[in-house]
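Source file: start_24.cif (mmCIF, C-alpha atoms)
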```cif
data_upload
loop_
_atom_site.label_atom_id
_atom_site.label_comp_id
_atom_site.auth_asym_id
_atom_site.auth_seq_id
_atom_site.Cartn_x
_atom_site.Cartn_y
_atom_site.Cartn_z
CA MET G 24 69.32 107.37 96.30
CA GLU G 25 72.39 105.57 94.93
CA ILE G 26 75.84 107.12 95.42
CA LYS G 27 79.18 105.89 94.07
CA LYS G 28 82.48 106.36 95.89
CA LYS G 29 85.98 105.10 95.25
CA ILE G 30 87.78 103.68 98.28
CA ILE G 31 91.38 102.43 98.20
CA LEU G 32 93.10 99.83 100.35
CA THR G 33 96.74 100.73 100.74
CA GLY G 34 99.74 100.02 102.98
CA SER G 35 102.82 97.81 102.99
CA PHE G 36 102.79 94.40 101.30
CA GLY G 37 101.65 91.30 103.16
CA VAL G 38 99.47 93.23 105.63
CA GLY G 39 96.24 91.63 104.40
CA LYS G 40 94.76 94.22 102.05
CA THR G 41 93.72 91.59 99.51
CA SER G 42 92.31 89.43 102.31
CA LEU G 43 90.20 92.37 103.53
CA PHE G 44 89.14 93.00 99.92
CA SER G 45 88.11 89.35 99.41
CA ARG G 46 86.44 89.12 102.81
CA PHE G 47 84.35 92.23 102.17
CA ILE G 48 83.51 91.71 98.49
CA TYR G 49 83.25 87.92 98.24
CA SER G 50 83.01 86.80 101.91
CA GLU G 51 86.08 84.64 101.29
CA PHE G 52 89.45 84.12 102.97
CA ASP G 53 92.51 82.28 101.68
CA GLU G 54 95.40 81.43 104.05
CA LYS G 55 97.90 81.49 101.19
CA TYR G 56 99.72 84.76 100.61
CA LEU G 57 99.64 85.76 96.94
CA THR G 58 101.16 89.15 96.25
CA THR G 59 99.07 91.70 94.37
CA ILE G 60 100.66 93.44 91.42
CA GLY G 61 99.20 96.73 90.29
CA VAL G 62 95.58 96.98 91.31
CA LYS G 63 92.40 94.93 91.56
CA VAL G 64 89.03 96.65 91.55
CA ASP G 65 85.58 95.38 92.41
CA LYS G 66 82.41 96.85 93.82
CA LYS G 67 79.84 96.24 96.49
CA THR G 68 76.75 98.15 97.54
CA ILE G 69 76.09 98.84 101.21
CA ASN G 70 73.04 100.40 102.78
CA ILE G 71 73.70 103.64 104.65
CA ASP G 72 70.15 104.43 105.69
CA ASN G 73 66.61 103.79 104.47
CA ASP G 74 67.03 106.19 101.54
CA THR G 75 70.70 105.81 100.65
CA ASN G 76 72.75 103.02 99.10
CA LEU G 77 76.49 103.48 98.69
CA ASN G 78 78.11 101.73 95.75
CA ILE G 79 81.71 101.20 96.85
CA MET G 80 84.36 100.91 94.12
CA LEU G 81 87.07 99.20 96.11
CA TRP G 82 90.66 99.41 94.83
CA ASP G 83 93.10 96.88 96.26
CA ILE G 84 96.47 98.47 95.55
CA ALA G 85 99.73 96.48 95.51
CA GLY G 86 101.61 96.97 98.77
CA GLU G 87 104.68 99.17 98.89
CA VAL G 88 107.17 99.79 101.68
CA ALA G 89 106.37 103.52 101.42
CA GLN G 90 103.28 105.20 99.93
CA ASP G 91 105.31 107.49 97.67
CA LYS G 92 106.14 104.36 95.63
CA VAL G 93 102.46 103.87 94.67
CA PRO G 94 101.65 105.18 91.15
CA LEU G 95 99.82 108.51 91.52
CA SER G 96 97.23 107.49 88.91
CA TYR G 97 95.82 104.92 91.36
CA PHE G 98 94.83 107.72 93.74
CA LEU G 99 92.75 109.68 91.20
CA GLY G 100 89.14 110.22 92.23
CA THR G 101 89.59 108.63 95.67
CA SER G 102 87.07 109.53 98.36
CA GLY G 103 88.19 107.11 101.09
CA ILE G 104 91.57 105.71 102.08
CA ILE G 105 91.91 102.59 104.20
CA TYR G 106 95.54 102.40 105.34
CA VAL G 107 96.27 98.89 106.56
CA PHE G 108 99.16 97.74 108.74
CA ASP G 109 99.96 94.32 110.17
CA LEU G 110 99.72 94.11 113.96
CA THR G 111 102.36 91.33 113.92
CA ARG G 112 105.00 93.20 111.88
CA PRO G 113 106.40 96.45 113.33
CA MET G 114 108.03 97.35 110.00
CA THR G 115 104.55 97.82 108.51
CA TYR G 116 103.73 100.66 110.93
CA ASN G 117 107.17 102.16 111.60
CA ASN G 118 106.69 104.51 108.64
CA ILE G 119 102.99 105.20 109.31
CA LEU G 120 103.26 108.91 110.11
CA ALA G 121 105.14 109.76 106.90
CA ASP G 122 102.76 107.56 104.89
CA ILE G 123 99.62 109.21 106.29
CA GLU G 124 101.04 112.71 105.83
CA TYR G 125 101.91 111.85 102.23
CA LEU G 126 98.39 110.51 101.55
CA LYS G 127 96.71 113.51 103.19
CA ASN G 128 98.89 115.79 101.14
CA ILE G 129 97.93 114.28 97.79
CA LEU G 130 94.29 113.58 98.76
CA PRO G 131 93.40 116.35 101.20
CA GLU G 132 89.62 115.84 100.78
CA ALA G 133 89.67 112.09 101.33
CA THR G 134 88.53 110.35 104.52
CA VAL G 135 91.34 108.26 106.02
CA LYS G 136 90.93 105.21 108.23
CA ILE G 137 93.93 103.50 109.79
CA ILE G 138 93.48 99.80 110.36
CA GLY G 139 95.54 97.22 112.24
CA ASN G 140 94.87 93.85 110.63
CA LYS G 141 95.55 90.22 111.71
CA LYS G 142 94.19 90.73 115.21
CA ASP G 143 93.47 87.00 115.38
CA LEU G 144 97.23 86.38 115.62
CA VAL G 145 97.95 88.58 118.64
CA THR G 146 96.81 89.10 122.21
CA THR G 147 94.70 92.02 123.39
CA ALA G 148 97.70 93.23 125.41
CA HIS G 149 99.85 93.22 122.28
CA ILE G 150 97.21 95.17 120.32
CA GLU G 151 96.97 97.80 123.07
CA SER G 152 100.77 98.07 123.21
CA VAL G 153 101.04 98.56 119.43
CA ILE G 154 98.19 101.08 119.21
CA SER G 155 99.41 103.16 122.15
CA GLY G 156 102.84 103.38 120.54
CA LEU G 157 101.56 104.68 117.20
CA PRO G 158 102.10 108.36 116.32
CA VAL G 159 98.62 108.41 114.73
CA GLU G 160 95.22 107.21 115.88
CA CYS G 161 94.29 103.67 114.86
CA ASP G 162 90.61 103.65 113.89
CA MET G 163 89.98 99.93 114.11
CA THR G 164 91.60 96.53 114.39
CA THR G 165 90.38 93.78 112.10
CA SER G 166 90.83 90.15 111.19
CA ALA G 167 90.24 89.33 107.54
CA LYS G 168 90.61 85.68 108.55
CA THR G 169 87.73 85.59 111.04
CA GLY G 170 85.90 88.53 109.49
CA GLU G 171 85.96 90.45 112.78
CA ASN G 172 85.20 94.15 112.24
CA VAL G 173 85.48 93.93 108.43
CA GLU G 174 81.84 94.81 107.68
CA GLN G 175 81.98 97.45 110.43
CA LEU G 176 85.07 98.98 108.81
CA PHE G 177 83.37 99.51 105.46
CA GLN G 178 80.10 100.55 107.07
CA SER G 179 81.85 103.21 109.15
CA MET G 180 83.85 104.39 106.13
CA GLY G 181 80.63 104.56 104.08
CA GLU G 182 78.87 106.59 106.74
CA ALA G 183 81.87 108.92 107.07
CA LEU G 184 81.80 109.53 103.30
CA MET G 185 78.16 110.57 103.47
CA ILE G 186 78.84 113.42 105.91
CA MET H 8 98.97 100.57 53.33
CA THR H 9 102.56 99.25 53.27
CA LYS H 10 103.47 95.66 54.06
CA LEU H 11 105.11 96.80 57.25
CA THR H 12 101.95 98.64 58.35
CA LYS H 13 99.92 95.47 57.72
CA TYR H 14 102.32 93.40 59.83
CA GLN H 15 102.29 96.06 62.48
CA LEU H 16 98.48 96.19 62.64
CA THR H 17 98.17 92.38 62.69
CA HIS H 18 100.69 92.13 65.50
CA LEU H 19 99.18 94.93 67.56
CA SER H 20 95.64 93.63 67.20
CA ARG H 21 96.61 90.39 68.95
CA ASN H 22 96.94 91.97 72.35
CA THR H 23 95.40 95.44 72.10
CA GLN H 24 91.79 96.59 72.00
CA PHE H 25 90.71 100.09 71.00
CA ILE H 26 87.36 101.38 72.24
CA LEU H 27 85.83 104.76 71.47
CA PHE H 28 83.09 106.23 73.63
CA ASN H 29 81.78 109.68 74.32
CA ILE H 30 82.50 111.56 77.49
CA GLU H 31 79.14 110.56 78.99
CA GLY H 32 80.06 106.90 78.51
CA THR H 33 77.97 106.09 75.41
CA PHE H 34 79.63 103.37 73.30
CA LEU H 35 80.79 104.44 69.82
CA GLU H 36 83.13 101.83 68.37
CA SER H 37 85.42 98.92 69.28
CA CYS H 38 87.82 96.65 67.41
CA ASP H 39 86.91 93.79 69.80
CA SER H 40 90.40 92.25 69.67
CA LEU H 41 90.41 91.07 73.30
CA PHE H 42 86.72 90.67 74.03
CA SER H 43 83.41 91.12 72.24
CA THR H 44 81.56 94.27 73.25
CA HIS H 45 78.40 93.15 71.46
CA ASP H 46 76.39 92.38 74.61
CA PHE H 47 77.47 95.56 76.43
CA ARG H 48 76.98 98.26 73.84
CA LYS H 49 73.73 99.58 75.33
CA GLN H 50 75.39 99.91 78.74
CA ILE H 51 77.40 102.96 79.78
CA VAL H 52 81.05 102.11 79.03
CA TYR H 53 82.15 103.32 82.49
CA GLU H 54 80.02 100.49 83.92
CA TRP H 55 81.76 97.79 81.90
CA PHE H 56 84.59 97.72 84.42
CA PRO H 57 84.41 98.59 88.15
CA PHE H 58 87.87 100.07 87.56
CA LEU H 59 86.47 102.68 85.12
CA GLU H 60 83.39 103.25 87.24
CA GLY H 61 85.63 104.37 90.11
CA ILE H 62 87.28 107.09 88.02
CA ALA H 63 84.37 108.07 85.75
CA ASP H 64 84.19 111.58 87.21
CA VAL H 65 87.93 112.07 86.62
CA LEU H 66 87.64 110.88 83.01
CA ARG H 67 84.71 113.22 82.30
CA MET H 68 86.97 116.10 83.36
CA MET H 69 89.86 115.17 81.04
CA GLU H 70 91.19 117.98 78.89
CA PRO H 71 91.60 117.58 75.11
CA ALA H 72 94.94 115.88 74.35
CA GLN H 73 95.21 114.64 77.93
CA GLU H 74 96.27 111.03 78.45
CA MET H 75 96.12 108.76 81.49
CA LEU H 76 97.87 105.44 81.93
CA PHE H 77 96.82 102.85 84.51
CA GLN H 78 99.17 99.90 84.62
CA LYS H 79 98.78 96.35 85.92
CA ILE H 80 95.01 96.22 86.24
CA GLN H 81 94.20 92.70 87.40
CA LYS H 82 91.01 90.93 86.25
CA PRO H 83 89.17 94.13 85.27
CA SER H 84 86.09 92.10 84.27
CA ALA H 85 84.87 88.56 83.68
CA GLN H 86 85.74 89.00 79.99
CA LEU H 87 89.30 90.07 80.82
CA PRO H 88 90.69 87.59 83.36
CA GLY H 89 94.38 88.54 83.04
CA ALA H 90 96.45 91.66 83.73
CA TYR H 91 96.25 94.73 81.51
CA ASP H 92 97.30 98.32 81.01
CA PHE H 93 94.50 100.82 80.45
CA ASN H 94 95.49 103.89 78.48
CA ILE H 95 92.81 106.57 78.20
CA LEU H 96 93.15 109.54 75.84
CA ARG H 97 90.96 112.47 74.98
CA PRO H 98 91.72 113.18 71.32
CA ILE H 99 92.32 116.82 70.52
CA THR H 100 90.23 116.62 67.34
CA LYS H 101 87.06 115.08 68.81
CA SER H 102 86.69 116.85 72.08
CA ASP H 103 83.64 114.92 73.32
CA THR H 104 85.23 111.51 72.69
CA LEU H 105 87.48 109.28 74.79
CA LEU H 106 89.71 106.55 73.41
CA LEU H 107 90.36 103.56 75.66
CA ILE H 108 93.30 101.35 74.72
CA ILE H 109 93.49 98.07 76.64
CA ILE H 110 96.79 96.23 76.29
CA ASP H 111 97.01 92.61 77.43
CA TYR H 112 100.26 92.11 79.38
CA THR H 113 99.08 88.98 81.18
CA THR H 114 102.16 86.88 80.30
CA VAL H 115 104.61 89.58 81.30
CA TYR H 116 102.80 90.49 84.51
CA ARG H 117 102.45 86.83 85.56
CA GLN H 118 106.25 86.52 85.40
CA TYR H 119 106.61 89.80 87.26
CA GLN H 120 104.20 88.56 89.94
CA VAL H 121 106.32 85.45 90.56
CA LEU H 122 109.42 87.63 91.10
CA GLN H 123 107.49 90.12 93.25
CA GLN H 124 106.13 87.26 95.35
CA GLN H 125 109.65 85.94 96.00
CA PHE H 126 110.90 89.43 96.84
CA ASN H 127 108.02 90.13 99.24
CA GLU H 128 108.34 86.78 101.01
CA LEU H 129 112.10 87.29 101.50
CA TYR H 130 111.54 90.85 102.70
CA ILE H 131 108.90 89.72 105.22
CA GLU H 132 111.27 87.00 106.48
CA LYS H 133 114.08 89.57 106.77
CA GLN H 134 111.78 91.83 108.83
CA ARG H 135 110.85 88.91 111.10
CA LEU H 136 114.52 88.02 111.69
CA GLU H 137 115.42 91.65 112.38
CA THR H 138 112.60 91.93 114.92
CA GLU H 139 113.70 88.71 116.62
CA LEU H 140 117.34 89.79 116.63
CA ALA H 141 116.44 93.16 118.18
CA ALA H 142 114.38 91.41 120.87
CA PHE H 143 117.19 88.92 121.50
CA GLU H 144 119.70 91.74 121.93
CA LYS H 145 117.34 93.42 124.41
CA GLY H 146 116.93 90.14 126.26
CA THR H 147 113.20 89.95 125.54
CA THR H 148 110.96 87.97 123.21
CA PRO H 149 108.73 89.67 120.66
CA SER H 150 105.26 90.00 122.19
CA ARG H 151 102.28 88.45 120.40
#
```
Go ahead and render the structure in this file as structure tokens.
Amino acid sequence: MEIKKKIILTGSFGVGKTSLFSRFIYSEFDEKYLTTIGVKVDKKTINIDNDTNLNIMLWDIAGEVAQDKVPLSYFLGTSGIIYVFDLTRPMTYNNILADIEYLKNILPEATVKIIGNKKDLVTTAHIESVISGLPVECDMTTSAKTGENVEQLFQSMGEALMI
Amino acid sequence: MTKLTKYQLTHLSRNTQFILFNIEGTFLESCDSLFSTHDFRKQIVYEWFPFLEGIADVLRMMEPAQEMLFQKIQKPSAQLPGAYDFNILRPITKSDTLLLIIIDYTTVYRQYQVLQQQFNELYIEKQRLETELAAFEKGTTPSR
């Protein structure tokens, strides 16, 4: 059985959404920061179980300081939201509660995963300190640079969308 | 057709492609201004672009006369390597048909991207300095 789902990567700019996108879709990483304008879309199929393949339509949405700045049309048809923040930049998670509430309000049926990226740049103690201070639960920490937890992120999102 | 209409059509056709397909995604017609659809016509139109594939269910539900605009779509396919606006309309007269208008804004959006890049880099640097200043005032160093 083949199922298609749209998943969006969203969050502030410079948090590594495009790097996660490239790591997952193309197994690539580029150190250079190149801002995304608008949206980039590509797809990848993952295996959920012996009978089910999930065709992920992944939307890499240009970062905004607040989610209410993202064009509403980009959210249409979304099944999964990956909200990314940067573990090294507090300003990318200071507004996280309002952002998540906004997203849940406009996409009440969607599955949301909150991700702290760039874990390769910080210590374990720093990660624990950041996560414990968040007003929402962080689902996973990732490194698009090393690839740590990137496949796991999309696999867990895929499995959550099948429930 | 007036002279002005001819000029208008010639000018518009340089950067705009019109594609008609039915609501199930079967190809009907294209002016092929931006890319040739010849090799794709037997495929479902929704599958031409991962972008459209992600919203196919939404497009099938469009009401007659409804219009949707998706701006700044980057590299929607190998045939379209720039940045485009996708305007999708369900004509009121042909209720089972969708009209896709792809407008090539690559030049404009490239310039916009340069400005956005500068803005984002400055904003990130401002955030870094503010974090360091706050830590300095507290007598600590930002933890990493």
(request) Using the chain letters and numbering of this document, enumerate as a VMD selection string the residues selected by the PyMOL selection byres ((chain G) within 6 of (chain H)). (result) chain G and resid 29 58 61 to 65 80 100 145 to 146 149
(request) Please write as a list of chain:residue names the full residue list that the PyMOL selection byres ((chain H and resi 50) around 12) yields on this file. (result)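 Evaluating the PyMOL selection byres ((chain H and resi 50) around 12) on these coordinates yields H:Phe28, H:Glu31, H:Gly32, H:Thr33, H:Phe34, H:Leu35, H:Thr44, H:His45, H:Asp46, H:Phe47, H:Arg48, H:Lys49, H:Ile51, H:Val52, H:Tyr53, H:Glu54, H:Trp55, H:Phe56.
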(message) Taking (95.1, 83.0, 104.5) in the coordinates of the supplied file, I want to know which residues reach to within 12 Å of it, counting only C-alpha atoms; could you give the answer as JSON, numbers by chain?
(response) {"G": [37, 38, 39, 40, 41, 42, 43, 45, 46, 51, 52, 53, 54, 55, 56, 57, 58, 141, 143, 144, 166, 167, 168, 169, 170]}
Emit the selected residues as a compact mmCIF listing (two decimals), keeping the file's coordinate frame, including C-alpha atoms.
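Final file, selection-v1.txt:
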```
# COMPACT_ATOMS: atom_id res chain seq x y z
CA GLY G 37 101.65 91.30 103.16
CA VAL G 38 99.47 93.23 105.63
CA GLY G 39 96.24 91.63 104.40
CA LYS G 40 94.76 94.22 102.05
CA THR G 41 93.72 91.59 99.51
CA SER G 42 92.31 89.43 102.31
CA LEU G 43 90.20 92.37 103.53
CA SER G 45 88.11 89.35 99.41
CA ARG G 46 86.44 89.12 102.81
CA GLU G 51 86.08 84.64 101.29
CA PHE G 52 89.45 84.12 102.97
CA ASP G 53 92.51 82.28 101.68
CA GLU G 54 95.40 81.43 104.05
CA LYS G 55 97.90 81.49 101.19
CA TYR G 56 99.72 84.76 100.61
CA LEU G 57 99.64 85.76 96.94
CA THR G 58 101.16 89.15 96.25
CA LYS G 141 95.55 90.22 111.71
CA ASP G 143 93.47 87.00 115.38
CA LEU G 144 97.23 86.38 115.62
CA SER G 166 90.83 90.15 111.19
CA ALA G 167 90.24 89.33 107.54
CA LYS G 168 90.61 85.68 108.55
CA THR G 169 87.73 85.59 111.04
CA GLY G 170 85.90 88.53 109.49
```
(request) Identify, on the basis of only C-alpha atoms, every residue whose closest approach to H:Thr100 does not exceed 12 Å; exclude the query and any residue fewer than 5 positions from it along the same chain; express the result as number ranges by chain. (result) H: 70-73, 105-106
(request) Tell me, in Å to one decimal, how far atom CA of G:Asp83 is from atom CA of G:Phe44. (result)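 A separation of 6.6 Å between them.
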(message) Can you pull out the residues contacting H:Phe25? Cut-off 10 Å, using all atoms listed in the file, and skip same-chain residues under 3 positions away; I want them as a ChimeraX atom specification.
(response) /H:20,36-41,94-95,106-110
(message) If I take atom CA of G:Ala183 and atom CA of G:Gly103, how far is one from the other in Å, to one decimal?
(response)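 Value for the atom CA of G:Ala183-atom CA of G:Gly103 distance: 8.9 Å.
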(message) Rounded to one decimal, what separation in Å do you get between atom CA of G:Gln175 and atom CA of G:Lys142?
(response) 14.7 Å
(request) Write out as a list in words the residues lying within 7 Å of G:Asn76, counting all atoms listed in the file and excluding same-chain residues fewer than 5 positions away. (result)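 Skipping anything fewer than 5 positions along the chain leaves Met24, Glu25, Ile26, Thr68, Ile69, Asn70 and Ile71 of chain G.
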(message) Residue by residue, what does the PyMOL selection byres ((chain H and resi 104) around 6) grab here? Present the result as a list in words.
(response)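 What the PyMOL selection byres ((chain H and resi 104) around 6) grabs from the file is Phe28, Asn29, Ile30, Lys101, Ser102, Asp103 and Leu105 of chain H.
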Prev. selection, C-alpha atoms, output as a PDB file, in the coordinates of the input:
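The file below, result.pdb, is the result:
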```pdb
ATOM      1  CA  PHE H  28      83.090 106.230  73.630  1.00  0.00           C
ATOM      2  CA  ASN H  29      81.780 109.680  74.320  1.00  0.00           C
ATOM      3  CA  ILE H  30      82.500 111.560  77.490  1.00  0.00           C
ATOM      4  CA  LYS H 101      87.060 115.080  68.810  1.00  0.00           C
ATOM      5  CA  SER H 102      86.690 116.850  72.080  1.00  0.00           C
ATOM      6  CA  ASP H 103      83.640 114.920  73.320  1.00  0.00           C
ATOM      7  CA  LEU H 105      87.480 109.280  74.790  1.00  0.00           C
TER       8      LEU H 105
END
```
(request) Identify which of the residues G:Glu182, G:Glu132, G:Val153, G:Ser96 lies closest to G:Met114, counting all atoms listed in the file when measuring atom-to-atom distances. (result)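 Using all atoms listed in the file, G:Met114 sits closest to G:Val153.
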Adding 5 Å on each side of the box along x, y and z that holds all listed atoms of stretch 148-167 of chain G, could you give its centre and edge lengths in Å to one decimal, as lines of an AutoDock Vina configuration file?
```
center_x = 96.4
center_y = 98.9
center_z = 116.5
size_x = 22.9
size_y = 29.1
size_z = 27.9
```
(request) Can you pull out every residue within 12 Å of G:Ile154, counting all atoms listed in the file, but drop anything in the same chain fewer than 6 positions away, and send it as a VMD selection string? (result) chain G and resid 108 to 111 113 116 to 117 119 137 to 140 142 147 to 148 160 to 164
(request) Identify which of the residues H:Arg21, H:Lys133, H:Arg67, H:Arg97 lies closest to H:Tyr112, counting only C-alpha atoms when measuring atom-to-atom distances. (result)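 Nearest candidate to H:Tyr112 out of H:Arg21, H:Lys133, H:Arg67, H:Arg97: H:Arg21.
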Is there a way to complete stretch 40-70 of chain H with N, CA and C atoms and then write that out as a PDB file, in the frame of the given file?
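What follows is the written file selection-v4.pdb:
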```
ATOM      1  N   SER H  40      89.276  93.186  69.768  1.00  0.00           N
ATOM      2  CA  SER H  40      90.400  92.250  69.670  1.00  0.00           C
ATOM      3  C   SER H  40      90.511  91.334  70.891  1.00  0.00           C
ATOM      4  N   LEU H  41      90.248  91.859  72.077  1.00  0.00           N
ATOM      5  CA  LEU H  41      90.410  91.070  73.300  1.00  0.00           C
ATOM      6  C   LEU H  41      89.102  90.469  73.786  1.00  0.00           C
ATOM      7  N   PHE H  42      88.030  91.201  73.626  1.00  0.00           N
ATOM      8  CA  PHE H  42      86.720  90.670  74.030  1.00  0.00           C
ATOM      9  C   PHE H  42      85.631  91.319  73.182  1.00  0.00           C
ATOM     10  N   SER H  43      84.523  90.597  73.031  1.00  0.00           N
ATOM     11  CA  SER H  43      83.410  91.120  72.240  1.00  0.00           C
ATOM     12  C   SER H  43      82.585  92.097  73.088  1.00  0.00           C
ATOM     13  N   THR H  44      82.356  93.258  72.537  1.00  0.00           N
ATOM     14  CA  THR H  44      81.560  94.270  73.250  1.00  0.00           C
ATOM     15  C   THR H  44      80.079  94.168  72.890  1.00  0.00           C
ATOM     16  N   HIS H  45      79.743  93.214  72.023  1.00  0.00           N
ATOM     17  CA  HIS H  45      78.400  93.150  71.460  1.00  0.00           C
ATOM     18  C   HIS H  45      77.295  93.225  72.517  1.00  0.00           C
ATOM     19  N   ASP H  46      77.449  92.449  73.598  1.00  0.00           N
ATOM     20  CA  ASP H  46      76.390  92.380  74.610  1.00  0.00           C
ATOM     21  C   ASP H  46      76.357  93.591  75.550  1.00  0.00           C
ATOM     22  N   PHE H  47      77.367  94.450  75.466  1.00  0.00           N
ATOM     23  CA  PHE H  47      77.470  95.560  76.430  1.00  0.00           C
ATOM     24  C   PHE H  47      77.187  96.929  75.832  1.00  0.00           C
ATOM     25  N   ARG H  48      76.971  96.967  74.535  1.00  0.00           N
ATOM     26  CA  ARG H  48      76.980  98.260  73.840  1.00  0.00           C
ATOM     27  C   ARG H  48      75.893  99.224  74.300  1.00  0.00           C
ATOM     28  N   LYS H  49      74.803  98.680  74.861  1.00  0.00           N
ATOM     29  CA  LYS H  49      73.730  99.580  75.330  1.00  0.00           C
ATOM     30  C   LYS H  49      74.026 100.112  76.731  1.00  0.00           C
ATOM     31  N   GLN H  50      74.997  99.469  77.396  1.00  0.00           N
ATOM     32  CA  GLN H  50      75.390  99.910  78.740  1.00  0.00           C
ATOM     33  C   GLN H  50      76.361 101.082  78.642  1.00  0.00           C
ATOM     34  N   ILE H  51      76.397 101.905  79.699  1.00  0.00           N
ATOM     35  CA  ILE H  51      77.400 102.960  79.780  1.00  0.00           C
ATOM     36  C   ILE H  51      78.781 102.296  79.877  1.00  0.00           C
ATOM     37  N   VAL H  52      79.730 102.750  79.079  1.00  0.00           N
ATOM     38  CA  VAL H  52      81.050 102.110  79.030  1.00  0.00           C
ATOM     39  C   VAL H  52      81.744 102.142  80.404  1.00  0.00           C
ATOM     40  N   TYR H  53      81.541 103.230  81.151  1.00  0.00           N
ATOM     41  CA  TYR H  53      82.150 103.320  82.490  1.00  0.00           C
ATOM     42  C   TYR H  53      81.727 102.131  83.366  1.00  0.00           C
ATOM     43  N   GLU H  54      80.530 101.585  83.079  1.00  0.00           N
ATOM     44  CA  GLU H  54      80.020 100.490  83.920  1.00  0.00           C
ATOM     45  C   GLU H  54      80.469  99.120  83.448  1.00  0.00           C
ATOM     46  N   TRP H  55      81.252  99.078  82.361  1.00  0.00           N
ATOM     47  CA  TRP H  55      81.760  97.790  81.900  1.00  0.00           C
ATOM     48  C   TRP H  55      82.783  97.226  82.892  1.00  0.00           C
ATOM     49  N   PHE H  56      83.531  98.132  83.499  1.00  0.00           N
ATOM     50  CA  PHE H  56      84.590  97.720  84.420  1.00  0.00           C
ATOM     51  C   PHE H  56      84.443  98.504  85.730  1.00  0.00           C
ATOM     52  N   PRO H  57      84.416  97.843  86.880  1.00  0.00           N
ATOM     53  CA  PRO H  57      84.410  98.590  88.150  1.00  0.00           C
ATOM     54  C   PRO H  57      85.588  99.561  88.227  1.00  0.00           C
ATOM     55  N   PHE H  58      86.699  99.197  87.586  1.00  0.00           N
ATOM     56  CA  PHE H  58      87.870 100.070  87.560  1.00  0.00           C
ATOM     57  C   PHE H  58      87.530 101.435  86.943  1.00  0.00           C
ATOM     58  N   LEU H  59      86.831 101.413  85.783  1.00  0.00           N
ATOM     59  CA  LEU H  59      86.470 102.680  85.120  1.00  0.00           C
ATOM     60  C   LEU H  59      85.392 103.430  85.892  1.00  0.00           C
ATOM     61  N   GLU H  60      84.494 102.652  86.496  1.00  0.00           N
ATOM     62  CA  GLU H  60      83.390 103.250  87.240  1.00  0.00           C
ATOM     63  C   GLU H  60      83.934 104.117  88.392  1.00  0.00           C
ATOM     64  N   GLY H  61      85.039 103.645  88.989  1.00  0.00           N
ATOM     65  CA  GLY H  61      85.630 104.370  90.110  1.00  0.00           C
ATOM     66  C   GLY H  61      86.272 105.690  89.730  1.00  0.00           C
ATOM     67  N   ILE H  62      86.598 105.850  88.448  1.00  0.00           N
ATOM     68  CA  ILE H  62      87.280 107.090  88.020  1.00  0.00           C
ATOM     69  C   ILE H  62      86.477 107.826  86.950  1.00  0.00           C
ATOM     70  N   ALA H  63      85.199 107.467  86.813  1.00  0.00           N
ATOM     71  CA  ALA H  63      84.370 108.070  85.750  1.00  0.00           C
ATOM     72  C   ALA H  63      84.365 109.598  85.843  1.00  0.00           C
ATOM     73  N   ASP H  64      84.234 110.117  87.053  1.00  0.00           N
ATOM     74  CA  ASP H  64      84.190 111.580  87.210  1.00  0.00           C
ATOM     75  C   ASP H  64      85.499 112.223  86.761  1.00  0.00           C
ATOM     76  N   VAL H  65      86.605 111.551  87.031  1.00  0.00           N
ATOM     77  CA  VAL H  65      87.930 112.070  86.620  1.00  0.00           C
ATOM     78  C   VAL H  65      88.031 112.060  85.100  1.00  0.00           C
ATOM     79  N   LEU H  66      87.539 110.992  84.477  1.00  0.00           N
ATOM     80  CA  LEU H  66      87.640 110.880  83.010  1.00  0.00           C
ATOM     81  C   LEU H  66      86.762 111.923  82.312  1.00  0.00           C
ATOM     82  N   ARG H  67      85.603 112.204  82.896  1.00  0.00           N
ATOM     83  CA  ARG H  67      84.710 113.220  82.300  1.00  0.00           C
ATOM     84  C   ARG H  67      85.359 114.601  82.294  1.00  0.00           C
ATOM     85  N   MET H  68      86.307 114.789  83.232  1.00  0.00           N
ATOM     86  CA  MET H  68      86.970 116.100  83.360  1.00  0.00           C
ATOM     87  C   MET H  68      88.254 116.201  82.538  1.00  0.00           C
ATOM     88  N   MET H  69      88.597 115.153  81.789  1.00  0.00           N
ATOM     89  CA  MET H  69      89.860 115.170  81.040  1.00  0.00           C
ATOM     90  C   MET H  69      89.860 116.303  80.006  1.00  0.00           C
ATOM     91  N   GLU H  70      91.017 116.899  79.871  1.00  0.00           N
ATOM     92  CA  GLU H  70      91.190 117.980  78.890  1.00  0.00           C
ATOM     93  C   GLU H  70      91.520 117.369  77.529  1.00  0.00           C
TER      94      GLU H  70
END
```
